[in-house]
Amino acid sequence: MSLTTSIQSAVIKGLEVIYSKSFDGKDFQINQTKPEFEGDYTVVLFGLLKPLKQSPDALGKSLGDYLIQNHPDFFSDYNIIKGFLNLVISDSYWNAVLKNNYSDTRYGRSPKKDKTIVVEYSSPNTNKPLHLGHLRNNFLGWSVSEILKADGYDVVKTCIANDRGIHICKSMVAWQKFANGATPESTGIKGDHFVGDYYVLFGAEYKKEISALVAAGMNDEQAEMEAPIMRAAQQMLVDWEAGKPDVIALWKKMNSWVYAGFDVTYRRIGSDFDAMYYESDTYLLGKQLVEEGLQKGVFFKKEDGSVWIDLTAEGLDEKIVQRKDGTAVYITQDIGLAVNKYEAYKYDSSIYVVGDEQNYHFKVLKLICGKLGLPSEGIYHLSYGMVELPTGRMKTREGTVVDADDIIDEMVRVAAQKTEELGKVKDFTPEELDALYDTIGLGALKFFILRVDPKKRMVFNPEESIDFHGFTASFVQFSHARAKAILRNEDVDPAFELLADEALLPLEKELLILLERYPATIQ
RNA sequence: GGCCUCGUCGUACAAUGGAUAGUAUAAGAGUUUCCGAAGCUCCAGAUACAGGUUCGAUUCCUGUCGAGGCUACCA
């Protein structure tokens with residue numbers, strides 16, 4: 001039982017004894033006492049005044065006296081300021097907490113619940129490298145997964161790769177046209193960046209061709225349609241869907257380069273997945289489900305052959321689920337994926353970590369899943385705001401995207417620089433130093449991103465390096481101590497383990513109080 | 001137009017409906033130094049606006065204003 005709930009039940013019992021009235025935990029609040037007041041925990045009495053017809057002072061006094069008399073080993077003192085009853089927890093209680101939990105490396109974690117939660121996060125596109133927005137996604141998805149694990153759930157971390165579509169074909173066409181057979185190996189460029197470069201090249205060439213056509217007298221719209229490189233990309237998409245062997249081979253080859261590059265980044269930031277899904281597989285299942293849904297009457301077909309769902313009764317619009325030419329739209333594959341995941345894991349809850357521009361999309365998906373007979377109450381869209389630059393949104397076309405690998409390198413570089421300035425690492429080996437700088441740099445980056453409420457947009461200014469001072473400094477200090485111990489294979493102090501490992505999780509308040517009151521014991 | 005989200009010191013972010021709205025940075029003053037940087041001390045600075053609910057509102061509700069997103073046979 002946590003400290004707060006222990007206090008709560010003691011207060012409820014006390015009120016019953018003194019006033020013969022029963023309350024529950026919702027009738028009053030228990031907070032940590034503000035540092036400027038004496039005490040550790042505070043019972044807020046205001047809510048109790050009216051039903052008990054008592055003044056704050058009288059109620060505080062009788063309750064305070066009761067608690068001290070009946071729980072002398074728990075409370076040692078109290079004071080009343082306005083309607084706040086500040087309780088001082090006794091040293092013997094703290095000592096008992098410390099003794100019982102000091103060597104418990106699983107302190108704060110819940111027992112197993114036998115419930116499964118699927119968390120989908122990251123969702124990369126296989127035509128370009130990860131950027132800052134992906135980092136927010138990955139940090140959120142990974143953290144939420146680990147928090148849920150600590151809370152006793154069985155968590156399945158999944159990742160859907162958006163590995164098909166016109167954007168992939170653009171990179172492929174540009175590579176065919178301009179690469180002369182170059183590969184990541186031959187150029188020494190990381191695979192995802194290598195492929196991303198051709199995606200950019202496609203854009204540049206496309207622009208050039210449009211200007212040429214416009215100069216020759218074509219209007220803008222027509223030029224955009226007629227540009228040869230775009231027609232090549234569209235043709236490649238058709239060929240891909242038709243399974244043309246050389247196109248499939250090229251697609252597989254270029255995707256494998258990208259995955260190799262992603263692996264490096266994922267390993268570095270600590271993202272891992274229990275299951276990978278590929279849109280190239282799930283979209284086919286989605287199409288099957290559209291067919292079944294049509295039989296069941298969940299969907300309906302318009303005269304032109306396109307398939308829709310009517311969500312006007314739910315306050316939304318009609319939504320297309322399959323084009324008139326029979327090809328899949330974006331949501332088609334998500335329907336397939338949802339069913340696929342449910343059949344595989346029979347989850348109690350399915351969390352999607354996806355940006356807030358898709359709020360509507362997931363509202364629709366949840367409704368469709370429900371209508372198809374999936375238990376959809378557990379579907380939860382963990383929506384987060386964009387990471388913006390001071391100049392506004394990041395845009396690939398304008399080259400204003402902050403690359404994930406670049407920002408990580410920069411953080412680690414700054415970590416190294418600052419650490420060396422402090423000169424506390426003279427006895428580290430080069431390997432230990434590299435590991436240490438990675439820990440510190442990535443820790444600061446994760447903290448910088450995760451400290452912001454997920455649903456809010458956040459601004460990242462690349463001109464100002466991320467702050468290693470202040471709150472982060474304490475994180476860094478713990479990381480130093482812990483990294484060193486781990487690298488030396490020493491036993492890690494459980495307190496360090498907890499604070500460093502889970503500094504990004506909600507910290508157990510009790511342990512923090514212990515640290516403050518008994519620093520000598522912990523160190 | 002309709003729907004959704006967000007508006008807090010100059011800036012970036014906090015605050016389960018509770019006490020004097022917190023932290024970091026920048027700014028100002030001082031201190032330290034051969035000079036500079038870093039450091040240390042002090043100081044000032046915000047709930048967009050108007051109502052409502054409540055003993056009590058940054059928090060909940062309504063309206064206004066502002067920012068962003070969605071409203072695609074793009075993904």
# chains A, B, ... in the order shown; residues from 1 in each chain; ligands from 1
>>> select_by_dssp(residues="range 202-356 of chain A", states="strand (DSSP E)", output="VMD selection string")
chain A and resid 275 to 278 300 to 301 307 to 310 318 to 322 349 to 355
>>> residues_around(residues="range 4-9 of chain B", least_positions_apart="4", cutoff="10 Å", atoms="only C-alpha atoms (C1' of nucleotides)", output="list of chain:residue names")
A:Asp356, A:Glu357, A:Asn359, A:Tyr360, A:Gly385, A:Lys455, A:Lys456, A:Arg457, B:C13, B:A14, B:A21, B:A44, B:G45, B:A46, B:U47, B:A48, B:U58, B:G66, B:A67, B:G68, B:G69, B:C70
>>> interface_residues(of="chain A", to="chain B", cutoff="9 Å", atoms="only C-alpha atoms (C1' of nucleotides)", output="ChimeraX atom specification")
/A:29,34,44,46-47,49-50,81-84,162,165-167,306,316-317,320,322-325,329-330,356-361,385,451-452,455-460,467,469-471
>>> write_last_selection(atoms="N, CA and C atoms", output="short mmCIF file (atom, residue, chain, number, x, y, z; two decimals), in the first residue's frame")
data_model
loop_
_atom_site.label_atom_id
_atom_site.label_comp_id
_atom_site.auth_asym_id
_atom_site.auth_seq_id
_atom_site.Cartn_x
_atom_site.Cartn_y
_atom_site.Cartn_z
N GLN A 29 -8.59 15.59 -0.03
CA GLN A 29 -7.36 15.37 -0.79
C GLN A 29 -6.17 15.22 0.13
N LYS A 34 3.81 21.48 0.86
CA LYS A 34 4.72 22.39 0.15
C LYS A 34 5.95 22.64 1.00
N VAL A 44 -6.22 18.08 2.97
CA VAL A 44 -6.97 19.30 2.67
C VAL A 44 -8.37 19.14 3.25
N PHE A 46 -11.00 21.36 3.49
CA PHE A 46 -12.14 22.20 3.08
C PHE A 46 -13.39 21.39 2.74
N GLY A 47 -13.19 20.30 2.02
CA GLY A 47 -14.34 19.53 1.58
C GLY A 47 -15.11 18.90 2.72
N LEU A 49 -15.56 20.35 5.79
CA LEU A 49 -16.08 21.33 6.75
C LEU A 49 -17.59 21.36 6.78
N LYS A 50 -18.18 21.43 5.59
CA LYS A 50 -19.63 21.56 5.52
C LYS A 50 -20.36 20.34 6.07
N ILE A 81 -2.75 25.00 9.19
CA ILE A 81 -2.72 26.35 8.65
C ILE A 81 -3.93 26.51 7.76
N LYS A 82 -4.80 27.41 8.10
CA LYS A 82 -6.10 27.54 7.42
C LYS A 82 -6.76 26.17 7.36
N GLY A 83 -7.16 25.72 6.20
CA GLY A 83 -7.83 24.42 6.13
C GLY A 83 -6.89 23.28 5.82
N PHE A 84 -5.60 23.47 6.05
CA PHE A 84 -4.63 22.44 5.69
C PHE A 84 -4.06 21.79 6.94
N ASN A 162 5.71 1.84 -43.28
CA ASN A 162 5.00 2.29 -44.47
C ASN A 162 5.93 2.11 -45.67
N GLY A 165 3.95 2.40 -51.83
CA GLY A 165 3.27 3.62 -52.23
C GLY A 165 4.14 4.49 -53.12
N ILE A 166 3.52 5.57 -53.58
CA ILE A 166 4.18 6.41 -54.59
C ILE A 166 5.47 7.02 -54.06
N HIS A 167 5.50 7.34 -52.75
CA HIS A 167 6.71 7.99 -52.21
C HIS A 167 7.92 7.07 -52.29
N SER A 306 -16.64 2.60 -55.92
CA SER A 306 -15.88 2.88 -54.70
C SER A 306 -16.68 2.42 -53.48
N LEU A 316 -19.88 11.95 -37.82
CA LEU A 316 -18.82 12.15 -38.79
C LEU A 316 -19.41 12.09 -40.20
N ASP A 317 -18.53 12.02 -41.20
CA ASP A 317 -19.00 12.00 -42.58
C ASP A 317 -19.06 10.58 -43.12
N ILE A 320 -14.38 7.07 -47.35
CA ILE A 320 -14.05 6.06 -48.35
C ILE A 320 -13.11 5.02 -47.77
N GLN A 322 -12.26 2.18 -50.00
CA GLN A 322 -11.60 1.57 -51.16
C GLN A 322 -11.94 2.37 -52.40
N ARG A 323 -10.92 2.62 -53.22
CA ARG A 323 -11.13 3.44 -54.41
C ARG A 323 -11.96 2.70 -55.45
N LYS A 324 -12.44 3.48 -56.42
CA LYS A 324 -13.28 2.86 -57.46
C LYS A 324 -12.50 1.86 -58.30
N ASP A 325 -11.16 2.05 -58.39
CA ASP A 325 -10.36 1.08 -59.15
C ASP A 325 -9.99 -0.13 -58.29
N VAL A 329 -6.97 2.50 -49.90
CA VAL A 329 -6.60 3.82 -49.40
C VAL A 329 -5.89 3.62 -48.06
N TYR A 330 -5.49 4.73 -47.48
CA TYR A 330 -4.69 4.69 -46.25
C TYR A 330 -5.36 3.87 -45.16
N ASP A 356 -1.01 14.17 -33.96
CA ASP A 356 -2.39 14.62 -33.77
C ASP A 356 -3.08 15.04 -35.06
N GLU A 357 -2.33 15.10 -36.16
CA GLU A 357 -3.01 15.42 -37.41
C GLU A 357 -3.87 14.25 -37.87
N GLN A 358 -3.71 13.12 -37.17
CA GLN A 358 -4.50 11.95 -37.55
C GLN A 358 -5.60 11.64 -36.55
N ASN A 359 -5.98 12.62 -35.74
CA ASN A 359 -7.05 12.41 -34.76
C ASN A 359 -8.32 11.90 -35.42
N TYR A 360 -8.67 12.51 -36.52
CA TYR A 360 -9.90 12.13 -37.22
C TYR A 360 -9.80 10.71 -37.77
N HIS A 361 -8.64 10.44 -38.36
CA HIS A 361 -8.39 9.12 -38.92
C HIS A 361 -8.62 8.02 -37.88
N GLY A 385 1.52 16.32 -30.35
CA GLY A 385 1.65 17.48 -31.22
C GLY A 385 2.93 17.46 -32.03
N ARG A 451 9.61 16.02 -21.52
CA ARG A 451 9.13 16.89 -20.46
C ARG A 451 7.91 17.67 -20.92
N VAL A 452 7.68 17.73 -22.21
CA VAL A 452 6.56 18.49 -22.74
C VAL A 452 5.32 17.59 -22.83
N LYS A 455 0.32 16.17 -25.78
CA LYS A 455 -0.70 16.70 -26.68
C LYS A 455 -0.40 18.12 -27.13
N LYS A 456 0.61 18.74 -26.52
CA LYS A 456 0.95 20.09 -26.95
C LYS A 456 1.99 20.09 -28.05
N ARG A 457 1.85 21.04 -28.91
CA ARG A 457 2.91 21.25 -29.90
C ARG A 457 4.16 21.70 -29.16
N MET A 458 5.31 21.39 -29.69
CA MET A 458 6.51 21.91 -29.04
C MET A 458 7.44 22.54 -30.05
N VAL A 459 8.21 23.50 -29.55
CA VAL A 459 9.10 24.23 -30.44
C VAL A 459 10.53 23.81 -30.16
N PHE A 460 11.24 23.50 -31.21
CA PHE A 460 12.64 23.16 -31.08
C PHE A 460 13.47 24.17 -31.86
N ASP A 467 19.53 22.43 -23.40
CA ASP A 467 20.08 22.77 -22.11
C ASP A 467 20.54 21.54 -21.32
N HIS A 469 21.80 22.08 -18.32
CA HIS A 469 21.81 22.59 -16.96
C HIS A 469 20.56 22.17 -16.21
N GLY A 470 20.42 22.75 -15.05
CA GLY A 470 19.17 22.68 -14.31
C GLY A 470 18.73 21.28 -13.99
N PHE A 471 17.48 21.01 -14.25
CA PHE A 471 16.92 19.71 -13.89
C PHE A 471 17.72 18.60 -14.54
#
>>> atom_distance(atom1="CA of Leu433 in chain A", atom2="CA of Phe262 in chain A")
24.2 Å
>>> closest_residue(among="A:Ile168, A:Gln295, A:Ala161, A:Lys301", to="Ile248 in chain A", atoms="only C-alpha atoms")
A:Ile168
>>> residues_around(residues="U41 in chain B", least_positions_apart="3", cutoff="12 Å", atoms="only C-alpha atoms (C1' of nucleotides)", output="list in words")
A29, G30, U31 and U32 of chain B
>>> residues_around(residues="Lys346 in chain A", least_positions_apart="5", cutoff="10 Å", atoms="only C-alpha atoms (C1' of nucleotides)", output="ChimeraX atom specification")
/A:115-118,339-341,375
>>> residues_around(residues="range 326-328 of chain A", least_positions_apart="6", cutoff="10 Å", atoms="only C-alpha atoms (C1' of nucleotides)", output="count of residues only")
11
>>> closest_residue(among="A:Gly315, A:Asn101, A:Ser9, A:Glu38", to="Lys26 in chain A", atoms="only C-alpha atoms")
A:Ser9
>>> select_by_dssp(residues="range 39-125 of chain A", states="helix (DSSP H, G or I)", output="ChimeraX atom specification")
/A:46-52,56-70,91-101
>>> atom_distance(atom1="CA of Asp154 in chain A", atom2="CA of Tyr347 in chain A")
9.4 Å
>>> residues_around(residues="Phe202 in chain A", least_positions_apart="5", cutoff="10 Å", atoms="only C-alpha atoms (C1' of nucleotides)", output="mmCIF file with C-alpha atoms, in the first residue's frame")
data_model
loop_
_atom_site.group_PDB
_atom_site.id
_atom_site.type_symbol
_atom_site.label_atom_id
_atom_site.label_comp_id
_atom_site.auth_asym_id
_atom_site.auth_seq_id
_atom_site.Cartn_x
_atom_site.Cartn_y
_atom_site.Cartn_z
ATOM 1 C CA HIS A 167 6.715 7.987 -52.212
ATOM 2 C CA CYS A 169 8.624 4.668 -55.984
ATOM 3 C CA LYS A 170 9.999 8.183 -56.212
ATOM 4 C CA SER A 171 13.226 7.176 -54.510
ATOM 5 C CA MET A 172 13.403 4.088 -56.698
ATOM 6 C CA VAL A 173 12.966 5.999 -59.936
ATOM 7 C CA ALA A 174 15.553 8.590 -58.969
ATOM 8 C CA TRP A 175 18.022 5.891 -58.005
ATOM 9 C CA LYS A 177 18.032 7.342 -63.209
ATOM 10 C CA PHE A 178 20.915 8.962 -61.348
ATOM 11 C CA GLY A 196 16.466 9.692 -48.733
ATOM 12 C CA ASP A 197 18.977 11.545 -50.912
ATOM 13 C CA LYS A 207 10.631 20.646 -60.283
ATOM 14 C CA LYS A 208 13.082 21.109 -63.143
ATOM 15 C CA ILE A 229 9.830 11.497 -63.934
ATOM 16 C CA MET A 230 6.431 11.596 -62.212
ATOM 17 C CA ALA A 233 7.062 6.874 -60.632
#
>>> residues_around(residues="G17 in chain B", least_positions_apart="5", cutoff="9 Å", atoms="only C-alpha atoms (C1' of nucleotides)", output="PyMOL selection string")
chain B and resi 54+56-57+59-60
>>> write_last_selection(atoms="N, CA and C atoms (P, O5', C5', C4', C3', O3' and C1' of nucleotides)", output="JSON list (two decimals), in the first residue's frame")
[["chain", "number", "residue", "atom", "x", "y", "z"],
["B", 54, "U", "P", -22.42, 27.31, -7.05],
["B", 54, "U", "O5'", -21.01, 26.86, -6.46],
["B", 54, "U", "C5'", -20.71, 25.49, -6.27],
["B", 54, "U", "C4'", -19.28, 25.33, -5.83],
["B", 54, "U", "C3'", -18.87, 26.19, -4.63],
["B", 54, "U", "O3'", -19.28, 25.62, -3.41],
["B", 54, "U", "C1'", -17.22, 26.32, -6.32],
["B", 56, "G", "P", -16.14, 30.40, -3.47],
["B", 56, "G", "O5'", -14.65, 29.93, -3.73],
["B", 56, "G", "C5'", -13.57, 30.78, -3.30],
["B", 56, "G", "C4'", -12.26, 30.06, -3.46],
["B", 56, "G", "C3'", -11.94, 29.60, -4.88],
["B", 56, "G", "O3'", -11.40, 30.66, -5.66],
["B", 56, "G", "C1'", -11.51, 27.85, -3.36],
["B", 57, "A", "P", -11.67, 30.67, -7.22],
["B", 57, "A", "O5'", -10.94, 29.34, -7.76],
["B", 57, "A", "C5'", -9.53, 29.21, -7.71],
["B", 57, "A", "C4'", -9.00, 28.81, -9.08],
["B", 57, "A", "C3'", -9.18, 29.89, -10.15],
["B", 57, "A", "O3'", -8.13, 29.76, -11.09],
["B", 57, "A", "C1'", -10.38, 27.98, -10.78],
["B", 59, "U", "P", -8.98, 28.06, -15.35],
["B", 59, "U", "O5'", -8.63, 26.50, -15.36],
["B", 59, "U", "C5'", -8.10, 25.87, -16.53],
["B", 59, "U", "C4'", -7.72, 24.45, -16.23],
["B", 59, "U", "C3'", -8.89, 23.56, -15.82],
["B", 59, "U", "O3'", -8.77, 22.29, -16.40],
["B", 59, "U", "C1'", -7.26, 23.58, -14.10],
["B", 60, "C", "P", -9.63, 22.01, -17.75],
["B", 60, "C", "O5'", -11.12, 21.92, -17.19],
["B", 60, "C", "C5'", -11.62, 20.72, -16.65],
["B", 60, "C", "C4'", -13.07, 20.90, -16.28],
["B", 60, "C", "C3'", -13.89, 21.77, -17.23],
["B", 60, "C", "O3'", -14.34, 21.04, -18.35],
["B", 60, "C", "C1'", -14.30, 22.44, -15.01]]
>>> decode(residues="range 217-282 of chain A", atoms="C-alpha atoms", output="PDB file, in the first residue's frame")
ATOM      1  CA  GLY A 217       3.757  26.553 -72.905  1.00  0.00           C
ATOM      2  CA  MET A 218       2.028  24.023 -70.687  1.00  0.00           C
ATOM      3  CA  ASN A 219      -0.015  25.175 -67.701  1.00  0.00           C
ATOM      4  CA  ASP A 220       1.113  24.331 -64.169  1.00  0.00           C
ATOM      5  CA  GLU A 221      -1.421  21.660 -63.428  1.00  0.00           C
ATOM      6  CA  GLN A 222      -0.824  19.830 -66.660  1.00  0.00           C
ATOM      7  CA  ALA A 223       2.936  20.087 -66.275  1.00  0.00           C
ATOM      8  CA  GLU A 224       2.715  18.483 -62.841  1.00  0.00           C
ATOM      9  CA  MET A 225       0.829  15.568 -64.391  1.00  0.00           C
ATOM     10  CA  GLU A 226       2.959  15.237 -67.498  1.00  0.00           C
ATOM     11  CA  ALA A 227       6.480  15.513 -66.063  1.00  0.00           C
ATOM     12  CA  PRO A 228       8.259  12.344 -67.274  1.00  0.00           C
ATOM     13  CA  ILE A 229       9.830  11.497 -63.934  1.00  0.00           C
ATOM     14  CA  MET A 230       6.431  11.596 -62.212  1.00  0.00           C
ATOM     15  CA  ARG A 231       4.934   9.411 -64.904  1.00  0.00           C
ATOM     16  CA  ALA A 232       7.810   6.993 -64.353  1.00  0.00           C
ATOM     17  CA  ALA A 233       7.062   6.874 -60.632  1.00  0.00           C
ATOM     18  CA  GLN A 234       3.382   6.253 -61.263  1.00  0.00           C
ATOM     19  CA  GLN A 235       4.198   3.526 -63.733  1.00  0.00           C
ATOM     20  CA  MET A 236       6.510   1.968 -61.185  1.00  0.00           C
ATOM     21  CA  LEU A 237       3.708   1.891 -58.635  1.00  0.00           C
ATOM     22  CA  VAL A 238       1.494   0.074 -61.129  1.00  0.00           C
ATOM     23  CA  ASP A 239       4.327  -2.347 -61.899  1.00  0.00           C
ATOM     24  CA  TRP A 240       4.919  -2.889 -58.197  1.00  0.00           C
ATOM     25  CA  GLU A 241       1.285  -3.735 -57.569  1.00  0.00           C
ATOM     26  CA  ALA A 242       1.417  -6.075 -60.543  1.00  0.00           C
ATOM     27  CA  GLY A 243       4.428  -7.772 -58.986  1.00  0.00           C
ATOM     28  CA  LYS A 244       6.850  -7.092 -61.836  1.00  0.00           C
ATOM     29  CA  PRO A 245       9.977  -9.001 -60.769  1.00  0.00           C
ATOM     30  CA  ASP A 246      12.639  -6.379 -61.463  1.00  0.00           C
ATOM     31  CA  VAL A 247      10.627  -3.679 -59.700  1.00  0.00           C
ATOM     32  CA  ILE A 248      10.025  -5.916 -56.698  1.00  0.00           C
ATOM     33  CA  ALA A 249      13.712  -6.767 -56.600  1.00  0.00           C
ATOM     34  CA  LEU A 250      14.697  -3.103 -56.648  1.00  0.00           C
ATOM     35  CA  TRP A 251      12.082  -2.332 -53.986  1.00  0.00           C
ATOM     36  CA  LYS A 252      13.401  -5.065 -51.746  1.00  0.00           C
ATOM     37  CA  LYS A 253      16.978  -3.989 -52.255  1.00  0.00           C
ATOM     38  CA  MET A 254      16.354  -0.320 -51.458  1.00  0.00           C
ATOM     39  CA  ASN A 255      14.135  -1.108 -48.483  1.00  0.00           C
ATOM     40  CA  SER A 256      16.814  -3.364 -47.050  1.00  0.00           C
ATOM     41  CA  TRP A 257      19.243  -0.454 -47.202  1.00  0.00           C
ATOM     42  CA  VAL A 258      16.791   1.719 -45.341  1.00  0.00           C
ATOM     43  CA  TYR A 259      16.095  -0.889 -42.649  1.00  0.00           C
ATOM     44  CA  ALA A 260      19.820  -1.333 -42.081  1.00  0.00           C
ATOM     45  CA  GLY A 261      20.067   2.408 -41.503  1.00  0.00           C
ATOM     46  CA  PHE A 262      17.036   2.471 -39.193  1.00  0.00           C
ATOM     47  CA  ASP A 263      18.495  -0.377 -37.153  1.00  0.00           C
ATOM     48  CA  VAL A 264      21.526   1.733 -36.311  1.00  0.00           C
ATOM     49  CA  THR A 265      19.355   4.653 -35.182  1.00  0.00           C
ATOM     50  CA  TYR A 266      16.902   2.496 -33.240  1.00  0.00           C
ATOM     51  CA  ARG A 267      19.703   0.753 -31.416  1.00  0.00           C
ATOM     52  CA  ARG A 268      21.184   4.089 -30.518  1.00  0.00           C
ATOM     53  CA  ILE A 269      18.006   5.612 -29.117  1.00  0.00           C
ATOM     54  CA  GLY A 270      16.987   2.354 -27.456  1.00  0.00           C
ATOM     55  CA  SER A 271      13.815   1.718 -29.439  1.00  0.00           C
ATOM     56  CA  ASP A 272      12.975  -1.923 -29.879  1.00  0.00           C
ATOM     57  CA  PHE A 273      10.008  -3.831 -31.219  1.00  0.00           C
ATOM     58  CA  ASP A 274       8.537  -7.229 -30.509  1.00  0.00           C
ATOM     59  CA  ALA A 275       6.814  -7.383 -33.887  1.00  0.00           C
ATOM     60  CA  MET A 276       7.328  -5.645 -37.211  1.00  0.00           C
ATOM     61  CA  TYR A 277       4.448  -5.146 -39.604  1.00  0.00           C
ATOM     62  CA  TYR A 278       4.656  -4.062 -43.211  1.00  0.00           C
ATOM     63  CA  GLU A 279       2.051  -2.113 -45.047  1.00  0.00           C
ATOM     64  CA  SER A 280       2.887  -4.153 -48.139  1.00  0.00           C
ATOM     65  CA  ASP A 281       1.325  -7.115 -46.295  1.00  0.00           C
ATOM     66  CA  THR A 282      -1.469  -5.486 -44.326  1.00  0.00           C
TER      67      THR A 282
END
